[in-house]
Amino acid sequence: MTAGDSFGRLDDDDYPAYTMGRAAEMLGTTQGFLRAIGEARLITPLRSEGGHRRYSRYQLRIAARARELVDQGTPIEAACRIVILEDQLEEAQRINAEYRKAAAPESPTGAG
């Protein structure tokens, strides 16, 4: 791997750049919280060669949303389900927008 390859990963939301300790620190939570949302299958951290959990920026955003719900009093299992459903809804809306755009008739140029 070259330095150029490494720098390219800095922009990759899915690159598992953060250790569990650093991820917990960034989120202002505990490592136990990260383990719990992993057990609830909200996020599945990748593992380093040594077996340590590693998190991506995308996973940290998902975890932050779950933490927000838990902080508001939502049980962790319910918070994880809510976040999963929100993510699925966002993806479905994105796909629908693409379909609408593809199906929309093109307007004639110079009309008006």
# chains A, B, ... in the order shown; residues from 1 in each chain; ligands from 1
$ select_by_dssp --residues "chain A" --states "helix (DSSP H, G or I)" --output "JSON, numbers by chain"
{"A": [3, 4, 5, 6, 7, 8, 9, 20, 21, 22, 23, 24, 25, 26, 27, 31, 32, 33, 34, 35, 36, 37, 38, 39, 57, 58, 59, 60, 61, 62, 63, 64, 65, 66, 67, 68, 69, 70, 71, 76, 77, 78, 79, 80, 81, 82, 83, 84, 85, 86, 87, 88, 89, 90, 91, 92, 93, 94, 95, 96, 97, 98, 99, 100, 101, 102, 103]}
$ write_last_selection --atoms "C-alpha atoms" --output "PDB file, in the first residue's frame"
ATOM      1  CA  ALA A   3       0.846   6.709   0.877  1.00  0.00           C
ATOM      2  CA  GLY A   4      -1.516   7.733  -1.928  1.00  0.00           C
ATOM      3  CA  ASP A   5      -3.697   4.700  -1.247  1.00  0.00           C
ATOM      4  CA  SER A   6      -3.830   5.575   2.451  1.00  0.00           C
ATOM      5  CA  PHE A   7      -4.840   9.178   1.803  1.00  0.00           C
ATOM      6  CA  GLY A   8      -7.628   8.022  -0.528  1.00  0.00           C
ATOM      7  CA  ARG A   9      -9.177   6.084   2.338  1.00  0.00           C
ATOM      8  CA  MET A  20     -13.489   0.820  19.717  1.00  0.00           C
ATOM      9  CA  GLY A  21     -11.915   3.095  22.313  1.00  0.00           C
ATOM     10  CA  ARG A  22     -11.608   6.003  19.907  1.00  0.00           C
ATOM     11  CA  ALA A  23     -15.144   5.454  18.575  1.00  0.00           C
ATOM     12  CA  ALA A  24     -16.585   5.452  22.107  1.00  0.00           C
ATOM     13  CA  GLU A  25     -14.630   8.593  22.932  1.00  0.00           C
ATOM     14  CA  MET A  26     -15.841  10.382  19.790  1.00  0.00           C
ATOM     15  CA  LEU A  27     -19.453   9.456  20.567  1.00  0.00           C
ATOM     16  CA  GLN A  31     -17.388   0.610  24.780  1.00  0.00           C
ATOM     17  CA  GLY A  32     -20.210  -1.415  26.324  1.00  0.00           C
ATOM     18  CA  PHE A  33     -22.733   0.683  24.370  1.00  0.00           C
ATOM     19  CA  LEU A  34     -20.884  -0.113  21.136  1.00  0.00           C
ATOM     20  CA  ARG A  35     -20.874  -3.808  22.030  1.00  0.00           C
ATOM     21  CA  ALA A  36     -24.619  -3.658  22.799  1.00  0.00           C
ATOM     22  CA  ILE A  37     -25.550  -2.106  19.456  1.00  0.00           C
ATOM     23  CA  GLY A  38     -23.326  -4.692  17.788  1.00  0.00           C
ATOM     24  CA  GLU A  39     -25.186  -7.469  19.600  1.00  0.00           C
ATOM     25  CA  ARG A  57     -17.509   6.982   9.881  1.00  0.00           C
ATOM     26  CA  TYR A  58     -20.814   5.651   8.530  1.00  0.00           C
ATOM     27  CA  GLN A  59     -21.082   3.256  11.486  1.00  0.00           C
ATOM     28  CA  LEU A  60     -20.289   6.073  13.899  1.00  0.00           C
ATOM     29  CA  ARG A  61     -23.140   8.171  12.449  1.00  0.00           C
ATOM     30  CA  ILE A  62     -25.513   5.225  12.915  1.00  0.00           C
ATOM     31  CA  ALA A  63     -24.254   4.685  16.480  1.00  0.00           C
ATOM     32  CA  ALA A  64     -24.646   8.394  17.258  1.00  0.00           C
ATOM     33  CA  ARG A  65     -28.299   8.287  16.168  1.00  0.00           C
ATOM     34  CA  ALA A  66     -28.913   5.238  18.373  1.00  0.00           C
ATOM     35  CA  ARG A  67     -27.254   6.981  21.293  1.00  0.00           C
ATOM     36  CA  GLU A  68     -29.462  10.027  20.760  1.00  0.00           C
ATOM     37  CA  LEU A  69     -32.572   7.834  21.012  1.00  0.00           C
ATOM     38  CA  VAL A  70     -31.264   5.975  24.077  1.00  0.00           C
ATOM     39  CA  ASP A  71     -30.454   9.292  25.745  1.00  0.00           C
ATOM     40  CA  ILE A  76     -31.509   0.137  23.235  1.00  0.00           C
ATOM     41  CA  GLU A  77     -33.190  -2.674  21.271  1.00  0.00           C
ATOM     42  CA  ALA A  78     -35.994  -0.331  20.179  1.00  0.00           C
ATOM     43  CA  ALA A  79     -33.503   2.424  19.335  1.00  0.00           C
ATOM     44  CA  CYS A  80     -31.588   0.018  17.110  1.00  0.00           C
ATOM     45  CA  ARG A  81     -34.775  -1.040  15.331  1.00  0.00           C
ATOM     46  CA  ILE A  82     -35.798   2.593  14.803  1.00  0.00           C
ATOM     47  CA  VAL A  83     -32.407   3.439  13.302  1.00  0.00           C
ATOM     48  CA  ILE A  84     -32.568   0.408  10.997  1.00  0.00           C
ATOM     49  CA  LEU A  85     -36.041   1.436   9.811  1.00  0.00           C
ATOM     50  CA  GLU A  86     -34.941   5.057   9.302  1.00  0.00           C
ATOM     51  CA  ASP A  87     -32.003   3.848   7.208  1.00  0.00           C
ATOM     52  CA  GLN A  88     -34.258   1.576   5.133  1.00  0.00           C
ATOM     53  CA  LEU A  89     -36.742   4.410   4.583  1.00  0.00           C
ATOM     54  CA  GLU A  90     -33.994   6.779   3.452  1.00  0.00           C
ATOM     55  CA  GLU A  91     -32.714   4.187   0.965  1.00  0.00           C
ATOM     56  CA  ALA A  92     -36.237   3.515  -0.366  1.00  0.00           C
ATOM     57  CA  GLN A  93     -36.844   7.247  -0.813  1.00  0.00           C
ATOM     58  CA  ARG A  94     -33.552   7.591  -2.693  1.00  0.00           C
ATOM     59  CA  ILE A  95     -34.484   4.718  -5.020  1.00  0.00           C
ATOM     60  CA  ASN A  96     -37.973   6.148  -5.584  1.00  0.00           C
ATOM     61  CA  ALA A  97     -36.497   9.529  -6.487  1.00  0.00           C
ATOM     62  CA  GLU A  98     -34.220   7.835  -9.030  1.00  0.00           C
ATOM     63  CA  TYR A  99     -37.189   5.996 -10.554  1.00  0.00           C
ATOM     64  CA  ARG A 100     -39.253   9.197 -10.735  1.00  0.00           C
ATOM     65  CA  LYS A 101     -36.393  11.017 -12.398  1.00  0.00           C
ATOM     66  CA  ALA A 102     -35.929   8.218 -14.943  1.00  0.00           C
ATOM     67  CA  ALA A 103     -39.676   8.019 -15.677  1.00  0.00           C
TER      68      ALA A 103
END
$ closest_residue --among "A:Thr19, A:Gly28, A:Gly73, A:Ala104" --to "His52 (chain A)" --atoms "only C-alpha atoms"
A:Thr19
$ closest_residue --among "A:Thr30, A:Pro105, A:Asp13, A:Tyr18" --to "Pro45 (chain A)" --atoms "only C-alpha atoms"
A:Tyr18
$ closest_residue --among "A:Gly50, A:Glu106, A:Pro75, A:Ser56" --to "Ala17 (chain A)" --atoms "only C-alpha atoms"
A:Ser56
$ select_by_dssp --residues "chain A" --states "strand (DSSP E or B)" --output "list of chain:residue names"
A:Tyr18, A:Thr19, A:Leu46, A:Arg47, A:Arg53, A:Arg54, A:Tyr55
$ write_last_selection --atoms "N, CA and C atoms" --output "short mmCIF file (atom, residue, chain, number, x, y, z; two decimals), in the first residue's frame"
data_model
loop_
_atom_site.label_atom_id
_atom_site.label_comp_id
_atom_site.auth_asym_id
_atom_site.auth_seq_id
_atom_site.Cartn_x
_atom_site.Cartn_y
_atom_site.Cartn_z
N TYR A 18 -11.51 3.57 12.91
CA TYR A 18 -11.55 3.91 14.33
C TYR A 18 -11.60 2.68 15.21
N THR A 19 -10.74 2.66 16.22
CA THR A 19 -10.78 1.59 17.21
C THR A 19 -12.02 1.76 18.08
N LEU A 46 -15.91 -4.17 11.59
CA LEU A 46 -14.92 -5.06 11.01
C LEU A 46 -13.88 -5.37 12.08
N ARG A 47 -13.08 -6.36 11.84
CA ARG A 47 -12.07 -6.76 12.82
C ARG A 47 -10.68 -6.56 12.22
N ARG A 53 -12.17 -4.69 17.23
CA ARG A 53 -13.25 -4.04 16.49
C ARG A 53 -12.76 -2.72 15.89
N ARG A 54 -13.17 -2.47 14.65
CA ARG A 54 -12.83 -1.22 13.96
C ARG A 54 -14.12 -0.68 13.34
N TYR A 55 -14.32 0.63 13.46
CA TYR A 55 -15.55 1.28 13.03
C TYR A 55 -15.28 2.30 11.93
#
